[in-house]
$ cat structure.cif   # mmCIF, C-alpha atoms and all ligand atoms
data_run
loop_
_atom_site.group_PDB
_atom_site.id
_atom_site.type_symbol
_atom_site.label_atom_id
_atom_site.label_comp_id
_atom_site.auth_asym_id
_atom_site.auth_seq_id
_atom_site.Cartn_x
_atom_site.Cartn_y
_atom_site.Cartn_z
ATOM 1 C CA MET A 221 0.000 0.000 0.000
ATOM 2 C CA THR A 222 1.397 3.427 -0.909
ATOM 3 C CA GLU A 223 1.429 6.323 1.535
ATOM 4 C CA THR A 224 -1.242 8.100 -0.521
ATOM 5 C CA GLU A 225 -3.564 5.093 -0.262
ATOM 6 C CA ARG A 226 -2.909 4.748 3.447
ATOM 7 C CA ARG A 227 -3.749 8.367 4.241
ATOM 8 C CA PRO A 228 -7.371 9.099 5.203
ATOM 9 C CA THR A 229 -9.345 10.838 2.468
ATOM 10 C CA ALA A 230 -12.848 11.550 3.830
ATOM 11 C CA THR A 231 -14.177 15.079 3.359
ATOM 12 C CA TRP A 232 -17.137 16.946 4.829
ATOM 13 C CA SER A 233 -18.931 20.231 4.235
ATOM 14 C CA LEU A 234 -20.454 21.622 7.420
ATOM 15 C CA GLU A 235 -23.166 24.244 7.211
ATOM 16 C CA LEU A 236 -22.613 27.400 9.241
ATOM 17 C CA PRO A 237 -25.325 29.879 10.183
ATOM 18 C CA GLY A 238 -25.981 32.390 7.414
ATOM 19 C CA GLY A 239 -25.461 29.818 4.654
ATOM 20 C CA ARG A 240 -21.651 29.723 4.825
ATOM 21 C CA ARG A 241 -19.909 26.358 4.636
ATOM 22 C CA LEU A 242 -16.864 24.889 6.348
ATOM 23 C CA GLY A 243 -15.014 22.294 4.313
ATOM 24 C CA LEU A 244 -13.086 19.685 6.307
ATOM 25 C CA ALA A 245 -10.787 16.856 5.227
ATOM 26 C CA ALA A 246 -9.478 13.924 7.242
ATOM 27 C CA GLY A 247 -5.734 14.201 7.715
ATOM 28 C CA ARG A 248 -5.566 17.835 6.549
ATOM 29 C CA PRO A 249 -6.574 19.477 9.801
ATOM 30 C CA ARG A 250 -7.784 23.036 10.034
ATOM 31 C CA LEU A 251 -6.465 24.927 13.037
ATOM 32 C CA LEU A 252 -8.842 26.121 15.717
ATOM 33 C CA GLY A 253 -7.024 28.808 17.717
ATOM 34 C CA VAL A 254 -7.760 28.803 21.459
ATOM 35 C CA VAL A 255 -8.807 32.053 23.131
ATOM 36 C CA ASN A 256 -9.416 31.461 26.846
ATOM 37 C CA ILE A 257 -11.178 34.457 28.402
ATOM 38 C CA THR A 258 -10.659 32.985 31.855
ATOM 39 C CA PRO A 259 -8.653 33.660 35.007
ATOM 40 C CA ASP A 260 -7.719 29.986 35.487
ATOM 41 C CA SER A 261 -7.147 28.067 32.231
ATOM 42 C CA PHE A 262 -4.311 25.608 32.611
ATOM 43 C CA SER A 263 -1.873 27.170 30.160
ATOM 44 C CA ASP A 264 -2.892 30.778 29.697
ATOM 45 C CA GLY A 265 -5.361 31.588 32.483
ATOM 46 C CA GLY A 266 -5.661 35.321 33.164
ATOM 47 C CA ARG A 267 -3.701 36.452 30.121
ATOM 48 C CA TRP A 268 -6.730 37.294 27.972
ATOM 49 C CA LEU A 269 -9.391 38.014 30.598
ATOM 50 C CA GLU A 270 -9.784 41.665 29.605
ATOM 51 C CA PRO A 271 -11.859 41.946 26.398
ATOM 52 C CA ALA A 272 -9.245 44.102 24.657
ATOM 53 C CA ALA A 273 -6.507 41.544 25.394
ATOM 54 C CA ALA A 274 -8.686 38.637 24.232
ATOM 55 C CA ILE A 275 -9.602 40.453 21.007
ATOM 56 C CA GLU A 276 -5.972 41.283 20.323
ATOM 57 C CA GLN A 277 -4.953 37.671 20.947
ATOM 58 C CA ALA A 278 -7.738 36.399 18.649
ATOM 59 C CA LEU A 279 -6.686 38.754 15.856
ATOM 60 C CA ARG A 280 -3.070 37.642 16.320
ATOM 61 C CA LEU A 281 -4.108 33.975 15.995
ATOM 62 C CA VAL A 282 -6.016 34.704 12.773
ATOM 63 C CA GLU A 283 -2.976 36.548 11.447
ATOM 64 C CA GLU A 284 -0.885 33.497 12.321
ATOM 65 C CA GLY A 285 -3.177 31.221 10.321
ATOM 66 C CA ALA A 286 -6.025 30.121 12.601
ATOM 67 C CA GLU A 287 -8.901 29.033 10.356
ATOM 68 C CA LEU A 288 -11.385 29.062 13.218
ATOM 69 C CA LEU A 289 -11.341 30.530 16.726
ATOM 70 C CA ASP A 290 -12.557 28.784 19.872
ATOM 71 C CA LEU A 291 -13.704 31.271 22.498
ATOM 72 C CA GLY A 292 -14.095 29.904 26.005
ATOM 73 C CA ALA A 293 -14.975 31.671 29.236
ATOM 74 C CA GLU A 294 -15.073 28.728 31.627
ATOM 75 C CA SER A 295 -11.941 26.702 32.172
ATOM 76 C CA SER A 296 -12.682 23.024 31.700
ATOM 77 C CA ARG A 297 -9.502 21.903 33.472
ATOM 78 C CA PRO A 298 -10.482 18.668 35.218
ATOM 79 C CA GLY A 299 -9.942 18.433 38.968
ATOM 80 C CA GLY A 300 -7.862 15.808 40.771
ATOM 81 C CA GLY A 301 -4.768 13.982 39.560
ATOM 82 C CA ALA A 302 -2.315 15.888 37.452
ATOM 83 C CA TYR A 303 -4.530 18.949 37.185
ATOM 84 C CA GLY A 304 -4.634 19.881 40.880
ATOM 85 C CA GLY A 305 -7.841 21.429 42.169
ATOM 86 C CA GLY A 306 -9.615 21.817 38.849
ATOM 87 C CA ALA A 307 -11.312 24.887 37.466
ATOM 88 C CA ALA A 308 -13.853 27.115 39.196
ATOM 89 C CA GLU A 309 -17.544 26.852 38.261
ATOM 90 C CA VAL A 310 -18.700 29.910 36.331
ATOM 91 C CA SER A 311 -22.324 31.094 36.118
ATOM 92 C CA ALA A 312 -23.975 31.556 32.717
ATOM 93 C CA GLU A 313 -24.116 35.309 33.395
ATOM 94 C CA SER A 314 -20.362 35.535 34.068
ATOM 95 C CA GLU A 315 -19.574 33.379 31.051
ATOM 96 C CA LEU A 316 -21.688 35.655 28.857
ATOM 97 C CA ALA A 317 -20.222 38.815 30.372
ATOM 98 C CA ARG A 318 -16.760 37.558 29.368
ATOM 99 C CA LEU A 319 -17.740 36.159 25.962
ATOM 100 C CA LEU A 320 -20.117 38.675 24.412
ATOM 101 C CA PRO A 321 -17.849 41.747 24.147
ATOM 102 C CA VAL A 322 -15.156 39.596 22.538
ATOM 103 C CA LEU A 323 -17.542 37.712 20.248
ATOM 104 C CA GLU A 324 -19.283 40.900 19.100
ATOM 105 C CA ALA A 325 -16.032 42.706 18.374
ATOM 106 C CA LEU A 326 -14.590 39.734 16.489
ATOM 107 C CA ARG A 327 -17.772 39.144 14.501
ATOM 108 C CA SER A 328 -17.335 42.491 12.775
ATOM 109 C CA ARG A 329 -13.555 42.163 12.383
ATOM 110 C CA VAL A 330 -12.806 38.622 11.223
ATOM 111 C CA ASP A 331 -14.271 36.217 8.717
ATOM 112 C CA VAL A 332 -13.179 32.947 10.303
ATOM 113 C CA PRO A 333 -15.856 30.784 11.936
ATOM 114 C CA LEU A 334 -16.217 31.513 15.655
ATOM 115 C CA SER A 335 -16.725 28.549 17.959
ATOM 116 C CA ILE A 336 -17.974 28.894 21.524
ATOM 117 C CA ASP A 337 -16.519 26.458 24.059
ATOM 118 C CA THR A 338 -19.368 26.081 26.543
ATOM 119 C CA ARG A 339 -21.322 23.407 28.383
ATOM 120 C CA LYS A 340 -24.326 25.660 28.972
ATOM 121 C CA ALA A 341 -27.306 25.816 26.608
ATOM 122 C CA ALA A 342 -28.173 29.350 27.760
ATOM 123 C CA VAL A 343 -24.672 30.558 26.866
ATOM 124 C CA ALA A 344 -24.722 28.759 23.518
ATOM 125 C CA GLU A 345 -28.134 30.198 22.637
ATOM 126 C CA ARG A 346 -27.160 33.796 23.422
ATOM 127 C CA CYS A 347 -23.822 33.498 21.602
ATOM 128 C CA LEU A 348 -25.442 31.958 18.510
ATOM 129 C CA ALA A 349 -27.850 34.917 18.471
ATOM 130 C CA ALA A 350 -24.788 37.210 18.651
ATOM 131 C CA GLY A 351 -23.151 35.639 15.606
ATOM 132 C CA ALA A 352 -21.282 32.527 16.807
ATOM 133 C CA ASP A 353 -20.935 29.817 14.153
ATOM 134 C CA LEU A 354 -20.556 26.591 16.086
ATOM 135 C CA ILE A 355 -20.675 25.148 19.575
ATOM 136 C CA ASN A 356 -17.848 23.185 21.172
ATOM 137 C CA ASP A 357 -19.362 21.240 24.061
ATOM 138 C CA VAL A 358 -16.900 19.341 26.275
ATOM 139 C CA SER A 359 -19.872 17.702 28.007
ATOM 140 C CA ALA A 360 -21.365 16.373 24.715
ATOM 141 C CA LEU A 361 -24.876 17.723 25.379
ATOM 142 C CA GLY A 362 -24.679 17.298 29.155
ATOM 143 C CA ASP A 363 -27.068 20.251 29.513
ATOM 144 C CA PRO A 364 -30.475 18.762 28.657
ATOM 145 C CA ARG A 365 -31.406 21.840 26.565
ATOM 146 C CA MET A 366 -28.164 21.956 24.521
ATOM 147 C CA GLY A 367 -29.351 19.560 21.784
ATOM 148 C CA GLU A 368 -32.488 21.612 21.222
ATOM 149 C CA VAL A 369 -30.527 24.906 21.071
ATOM 150 C CA VAL A 370 -28.010 23.546 18.562
ATOM 151 C CA ALA A 371 -30.730 21.855 16.480
ATOM 152 C CA ALA A 372 -32.755 25.092 16.360
ATOM 153 C CA ALA A 373 -29.704 27.073 15.208
ATOM 154 C CA GLY A 374 -28.814 24.384 12.668
ATOM 155 C CA CYS A 375 -25.121 24.942 13.455
ATOM 156 C CA PRO A 376 -22.305 22.388 13.772
ATOM 157 C CA VAL A 377 -21.457 21.006 17.206
ATOM 158 C CA VAL A 378 -18.357 19.361 18.668
ATOM 159 C CA LEU A 379 -19.215 16.467 20.986
ATOM 160 C CA MET A 380 -16.189 15.824 23.170
ATOM 161 C CA HIS A 381 -15.723 12.607 25.117
ATOM 162 C CA ALA A 382 -15.520 12.897 28.887
ATOM 163 C CA ARG A 383 -16.789 10.729 31.696
ATOM 164 C CA GLY A 384 -18.294 12.068 34.890
ATOM 165 C CA GLU A 385 -17.963 15.526 36.341
ATOM 166 C CA LEU A 386 -15.006 17.809 35.570
ATOM 167 C CA ALA A 387 -14.243 18.290 39.270
ATOM 168 C CA THR A 388 -13.624 14.613 39.946
ATOM 169 C CA MET A 389 -12.944 12.882 36.621
ATOM 170 C CA GLN A 390 -9.155 12.641 36.968
ATOM 171 C CA ALA A 391 -9.451 10.985 40.369
ATOM 172 C CA ALA A 392 -11.404 7.924 39.196
ATOM 173 C CA ILE A 393 -9.960 6.853 35.864
ATOM 174 C CA SER A 394 -11.141 3.427 34.832
ATOM 175 C CA PHE A 395 -11.178 1.946 31.349
ATOM 176 C CA HIS A 396 -10.714 -1.681 30.289
ATOM 177 C CA ASP A 397 -10.071 -0.730 26.675
ATOM 178 C CA VAL A 398 -9.906 3.025 26.313
ATOM 179 C CA VAL A 399 -10.145 3.118 22.507
ATOM 180 C CA ALA A 400 -13.138 0.769 22.257
ATOM 181 C CA GLU A 401 -14.928 2.482 25.130
ATOM 182 C CA VAL A 402 -14.345 6.035 23.884
ATOM 183 C CA ALA A 403 -15.486 4.957 20.397
ATOM 184 C CA ARG A 404 -18.631 3.366 21.822
ATOM 185 C CA GLU A 405 -19.427 6.380 24.011
ATOM 186 C CA GLN A 406 -18.774 8.820 21.152
ATOM 187 C CA ALA A 407 -21.139 6.793 18.961
ATOM 188 C CA SER A 408 -23.830 7.021 21.617
ATOM 189 C CA SER A 409 -23.291 10.804 22.060
ATOM 190 C CA ARG A 410 -23.678 11.118 18.302
ATOM 191 C CA ALA A 411 -26.897 9.072 18.354
ATOM 192 C CA ALA A 412 -28.267 11.224 21.210
ATOM 193 C CA ALA A 413 -27.474 14.396 19.250
ATOM 194 C CA ILE A 414 -29.265 13.050 16.189
ATOM 195 C CA ALA A 415 -32.245 12.076 18.367
ATOM 196 C CA ALA A 416 -32.289 15.701 19.630
ATOM 197 C CA GLY A 417 -32.693 16.909 16.032
ATOM 198 C CA ILE A 418 -29.072 17.732 15.114
ATOM 199 C CA ARG A 419 -28.264 16.724 11.547
ATOM 200 C CA PRO A 420 -25.613 13.952 11.357
ATOM 201 C CA GLY A 421 -23.508 16.015 8.935
ATOM 202 C CA GLN A 422 -23.191 18.801 11.504
ATOM 203 C CA ILE A 423 -21.544 16.638 14.173
ATOM 204 C CA VAL A 424 -17.817 16.701 14.975
ATOM 205 C CA LEU A 425 -16.417 14.131 17.440
ATOM 206 C CA ASP A 426 -13.470 14.550 19.812
ATOM 207 C CA PRO A 427 -11.760 11.918 22.013
ATOM 208 C CA GLY A 428 -11.326 14.466 24.840
ATOM 209 C CA LEU A 429 -7.612 14.043 25.481
ATOM 210 C CA GLY A 430 -6.799 14.806 29.115
ATOM 211 C CA PHE A 431 -10.391 14.516 30.287
ATOM 212 C CA GLY A 432 -10.565 11.605 32.740
ATOM 213 C CA LYS A 433 -7.730 9.705 31.044
ATOM 214 C CA THR A 434 -4.211 8.726 32.099
ATOM 215 C CA GLY A 435 -1.100 9.630 30.097
ATOM 216 C CA PRO A 436 -0.855 6.172 28.478
ATOM 217 C CA GLN A 437 -4.594 6.254 27.679
ATOM 218 C CA ASN A 438 -4.250 9.668 25.998
ATOM 219 C CA ARG A 439 -1.298 8.400 23.986
ATOM 220 C CA ARG A 440 -3.163 5.267 22.928
ATOM 221 C CA LEU A 441 -6.156 7.325 21.794
ATOM 222 C CA LEU A 442 -3.882 9.480 19.649
ATOM 223 C CA ARG A 443 -2.083 6.493 18.182
ATOM 224 C CA GLU A 444 -5.355 4.680 17.425
ATOM 225 C CA LEU A 445 -7.330 7.676 16.206
ATOM 226 C CA PRO A 446 -8.397 5.840 13.022
ATOM 227 C CA ALA A 447 -10.686 3.705 15.241
ATOM 228 C CA LEU A 448 -12.623 6.900 16.032
ATOM 229 C CA ALA A 449 -12.380 8.214 12.477
ATOM 230 C CA ALA A 450 -14.221 5.034 11.480
ATOM 231 C CA LEU A 451 -17.364 6.452 13.151
ATOM 232 C CA GLY A 452 -17.695 8.638 10.049
ATOM 233 C CA SER A 453 -17.766 12.130 11.587
ATOM 234 C CA PRO A 454 -14.915 14.622 11.301
ATOM 235 C CA LEU A 455 -12.588 14.482 14.324
ATOM 236 C CA LEU A 456 -11.305 17.374 16.382
ATOM 237 C CA VAL A 457 -8.222 16.729 18.528
ATOM 238 C CA GLY A 458 -7.142 18.937 21.425
ATOM 239 C CA ALA A 459 -3.711 17.872 22.638
ATOM 240 C CA SER A 460 -2.066 21.294 22.706
ATOM 241 C CA ARG A 461 0.105 21.879 25.813
ATOM 242 C CA LYS A 462 -1.745 19.245 27.840
ATOM 243 C CA SER A 463 -0.429 17.481 30.944
ATOM 244 C CA PHE A 464 0.096 14.148 29.230
ATOM 245 C CA LEU A 465 2.758 15.919 27.147
ATOM 246 C CA GLY A 466 4.178 17.643 30.228
ATOM 247 C CA GLU A 467 4.517 14.261 31.949
ATOM 248 C CA ILE A 468 6.988 13.231 29.253
ATOM 249 C CA LEU A 469 8.719 16.562 28.744
ATOM 250 C CA GLY A 470 8.884 17.620 32.395
ATOM 251 C CA THR A 471 8.019 21.200 31.400
ATOM 252 C CA PRO A 472 5.219 23.651 32.270
ATOM 253 C CA PRO A 473 2.313 24.229 29.821
ATOM 254 C CA ASP A 474 3.869 27.168 27.964
ATOM 255 C CA ASP A 475 7.017 25.115 27.295
ATOM 256 C CA ARG A 476 5.426 22.071 25.638
ATOM 257 C CA LEU A 477 5.511 23.120 21.989
ATOM 258 C CA PRO A 478 7.610 20.154 20.779
ATOM 259 C CA GLY A 479 5.145 17.791 22.452
ATOM 260 C CA SER A 480 2.147 19.639 20.995
ATOM 261 C CA LEU A 481 3.693 19.333 17.518
ATOM 262 C CA ALA A 482 4.411 15.610 17.923
ATOM 263 C CA ALA A 483 0.775 15.149 18.946
ATOM 264 C CA ALA A 484 -0.394 17.268 15.973
ATOM 265 C CA ALA A 485 1.524 14.978 13.612
ATOM 266 C CA TRP A 486 -0.094 11.868 15.099
ATOM 267 C CA ALA A 487 -3.517 13.507 14.969
ATOM 268 C CA ALA A 488 -3.063 14.457 11.309
ATOM 269 C CA ALA A 489 -1.785 10.976 10.439
ATOM 270 C CA GLY A 490 -4.765 9.452 12.243
ATOM 271 C CA GLY A 491 -7.285 11.471 10.226
ATOM 272 C CA ALA A 492 -8.060 14.545 12.373
ATOM 273 C CA ALA A 493 -9.963 17.273 10.514
ATOM 274 C CA LEU A 494 -9.540 19.971 13.177
ATOM 275 C CA LEU A 495 -6.813 20.666 15.727
ATOM 276 C CA ARG A 496 -7.490 22.873 18.746
ATOM 277 C CA VAL A 497 -4.184 24.649 19.372
ATOM 278 C CA HIS A 498 -2.630 27.479 21.366
ATOM 279 C CA ASP A 499 0.502 27.810 19.178
ATOM 280 C CA VAL A 500 -1.059 28.541 15.803
ATOM 281 C CA ALA A 501 1.912 29.918 13.843
ATOM 282 C CA GLU A 502 4.216 27.067 14.834
ATOM 283 C CA THR A 503 1.599 24.355 14.219
ATOM 284 C CA ARG A 504 0.702 25.786 10.837
ATOM 285 C CA ARG A 505 4.328 25.809 9.686
ATOM 286 C CA PHE A 506 4.969 22.364 11.134
ATOM 287 C CA LEU A 507 1.939 20.885 9.349
ATOM 288 C CA ALA A 508 2.811 22.583 6.068
ATOM 289 C CA VAL A 509 6.062 20.622 5.986
ATOM 290 C CA TRP A 510 4.524 17.430 7.386
ATOM 291 C CA GLN A 511 1.802 17.543 4.743
ATOM 292 C CA ALA A 512 4.210 18.336 1.929
ATOM 293 C CA ILE A 513 6.173 15.217 2.872
ATOM 294 C CA ALA A 514 3.047 13.097 3.321
ATOM 295 C CA GLY A 515 1.791 14.094 -0.146
ATOM 296 C CA ALA A 516 5.199 14.032 -1.867
ATOM 297 C CA GLU A 517 4.550 10.986 -4.037
ATOM 298 C CA GLU A 518 1.456 12.637 -5.556
ATOM 299 C CA ALA A 519 3.810 15.128 -7.239
ATOM 300 C CA ALA A 520 6.375 12.524 -8.319
HETATM 301 N N1 LIG A 601 -9.652 20.923 25.805
HETATM 302 C C1 LIG A 601 -9.808 21.981 26.628
HETATM 303 C C2 LIG A 601 -10.925 22.822 26.486
HETATM 304 N N2 LIG A 601 -11.839 22.606 25.526
HETATM 305 N N3 LIG A 601 -12.608 21.335 23.693
HETATM 306 C C3 LIG A 601 -12.480 20.293 22.862
HETATM 307 N N4 LIG A 601 -13.382 20.068 21.897
HETATM 308 N N5 LIG A 601 -11.417 19.432 22.964
HETATM 309 C C4 LIG A 601 -10.456 19.592 23.916
HETATM 310 O O1 LIG A 601 -9.522 18.749 23.977
HETATM 311 C C5 LIG A 601 -10.575 20.685 24.821
HETATM 312 C C6 LIG A 601 -11.688 21.561 24.676
HETATM 313 C C7 LIG A 601 -8.783 22.270 27.676
HETATM 314 O O2 LIG A 601 -7.806 23.175 27.221
HETATM 315 P P1 LIG A 601 -7.773 24.785 27.482
HETATM 316 O O3 LIG A 601 -8.967 25.459 26.895
HETATM 317 O O4 LIG A 601 -6.504 25.327 26.987
HETATM 318 O O5 LIG A 601 -7.788 24.956 29.016
HETATM 319 P P2 LIG A 601 -8.992 25.257 30.001
HETATM 320 O O6 LIG A 601 -10.074 24.281 29.745
HETATM 321 O O7 LIG A 601 -8.339 25.122 31.342
HETATM 322 O O8 LIG A 601 -9.482 26.635 29.704
#
$ encode --input "structure.cif" --output "structure tokens"
Amino acid sequence: MTETERRPTATWSLELPGGRRLGLAAGRPRLLGVVNITPDSFSDGGRWLEPAAAIEQALRLVEEGAELLDLGAESSRPGGGAYGGGAAEVSAESELARLLPVLEALRSRVDVPLSIDTRKAAVAERCLAAGADLINDVSALGDPRMGEVVAAAGCPVVLMHARGELATMQAAISFHDVVAEVAREQASSRAAAIAAGIRPGQIVLDPGLGFGKTGPQNRRLLRELPALAALGSPLLVGASRKSFLGEILGTPPDDRLPGSLAAAAWAAAGGAALLRVHDVAETRRFLAVWQAIAGAEEAA
């Protein structure tokens, strides 16, 4: 089998509000730049809490090559284990007070799709009304009204895998076969979303690296990503700067770039269609070379 035959080739065209489309291809990931408008995110908490700083950071990421932005106002850092005490709970009002000024300013200044990283239906609903394009839900429709809100907007949604509550999930990690179980649970999240009225073609899946998983489990999920790609939906992978990289490197979150890039290469090879990253410029340049090598025989 040649490298070209071995590389994943599925493509999708997601429908964004307002009739725009987002084309995705397995193994040619688009970069989703992370903008955390939070005081306590694990790698950049507090840096972009002021709206002006968050807007400036978002514009910088677009300049660097982000093809989408992911705006989050509640840290989803799991509690227990490697993550320490976990993130603080944030009310819907506080989340909206952080998100809306940034979302509204960006809506009129950039063209890239704007994703909202939230677990709350009320936050998703208000942000979609203010011009957000898609919802990134780390609880995979944990809020009983989220499916209805997303279905009514007709927008794409990311369903991330996680087990249990954020505050305790790292403390009780138990899988017999992490890849088979994550695949099964992602398939059932997908089925629940479809039952809630979300169109199958609007669903993005995500193995939820770092959420209730050990280092070896995170690494196995990355290595065996094609098992999740087989579910048929585009895959988003968020490995950037995470603890399972720090465990190997022995460095703090803002000094894990080589690990984030190694993970990006595995994600791309495994068929990821979207990568959620903090270091956009570096990842974009890294993938440009990686992809040029991966596709080299096509030009021969
Ligand atoms: N990881 C984080 C947050 N949101 N969303 C998806 N779909 N996939 C992920 O892997 C994912 C995510 C955690 O990273 P970060 O936003 O940098 O930190 P925090 O949650 O502490 O704000």
$ resolve_selection --input "structure.cif" --expression "the PyMOL selection byres (((not hetatm)) within 6 of (chain A and resi 601))" --output "compact mmCIF listing (two decimals) with C-alpha atoms, in the frame of the given file"
# COMPACT_ATOMS: atom_id res chain seq x y z
CA ASN A 256 -9.42 31.46 26.85
CA SER A 261 -7.15 28.07 32.23
CA PHE A 262 -4.31 25.61 32.61
CA SER A 263 -1.87 27.17 30.16
CA SER A 295 -11.94 26.70 32.17
CA SER A 296 -12.68 23.02 31.70
CA ARG A 297 -9.50 21.90 33.47
CA ASN A 356 -17.85 23.18 21.17
CA VAL A 358 -16.90 19.34 26.28
CA VAL A 378 -18.36 19.36 18.67
CA MET A 380 -16.19 15.82 23.17
CA ASP A 426 -13.47 14.55 19.81
CA GLY A 428 -11.33 14.47 24.84
CA LEU A 429 -7.61 14.04 25.48
CA VAL A 457 -8.22 16.73 18.53
CA GLY A 458 -7.14 18.94 21.42
$ resolve_selection --input "structure.cif" --expression "the PyMOL selection byres (((chain A and resi 265) around 12) and not hetatm)" --output "ChimeraX atom specification"
/A:254-264,266-270,274,292-297,307-308,473-474
$ atom_distance --input "structure.cif" --atom1 "atom CA of Thr231 of chain A" --atom2 "atom CA of Pro420 of chain A"
14.0 Å
$ closest_residue --input "structure.cif" --among "A:Leu252, A:Met366, A:Ala412, A:Ala349" --to "Leu320 of chain A" --atoms "all atoms listed in the file"
A:Ala349
$ residues_near_point --input "structure.cif" --point "(-22.2, 17.2, 24.0)" --cutoff "9 Å" --atoms "only C-alpha atoms" --output "list in words"
Arg339, Asn356, Asp357, Val358, Ser359, Ala360, Leu361, Gly362, Asp363, Met366, Gly367, Val377, Val378, Leu379, Met380, His381, Ser409, Arg410, Ala412 and Ala413 of chain A
$ atom_distance --input "structure.cif" --atom1 "atom CA of Ala387 of chain A" --atom2 "atom CA of Cys375 of chain A"
28.8 Å
$ residues_around --input "structure.cif" --residues "Ala278 of chain A" --least-positions-apart "4" --cutoff "12 Å" --atoms "only C-alpha atoms" --output "ChimeraX atom specification"
/A:252-257,268,271-274,282-292,322-323,325-327,329-335,498-500
$ closest_residue --input "structure.cif" --among "A:Arg440, A:Phe464, A:Pro249, A:Arg505" --to "Ala489 of chain A" --atoms "only C-alpha atoms"
A:Pro249
$ resolve_selection --input "structure.cif" --expression "the PyMOL selection byres (((chain A and resi 352) around 7) and not hetatm)" --output "ChimeraX atom specification"
/A:334-336,347-348,350-351,353-354
$ closest_residue --input "structure.cif" --among "A:Pro376, A:Gly238, A:Gly479, A:Gly491" --to "Ile418 of chain A" --atoms "all atoms listed in the file"
A:Pro376
$ closest_residue --input "structure.cif" --among "A:Val402, A:Ala492, A:Ala230, A:Val369" --to "Arg383 of chain A" --atoms "only C-alpha atoms"
A:Val402
$ atom_distance --input "structure.cif" --atom1 "atom CA of His396 of chain A" --atom2 "atom CA of Val424 of chain A"
25.0 Å
$ closest_residue --input "structure.cif" --among "A:Arg318, A:Ala312, A:Ile423, A:Leu477" --to "Ala411 of chain A" --atoms "all atoms listed in the file"
A:Ile423
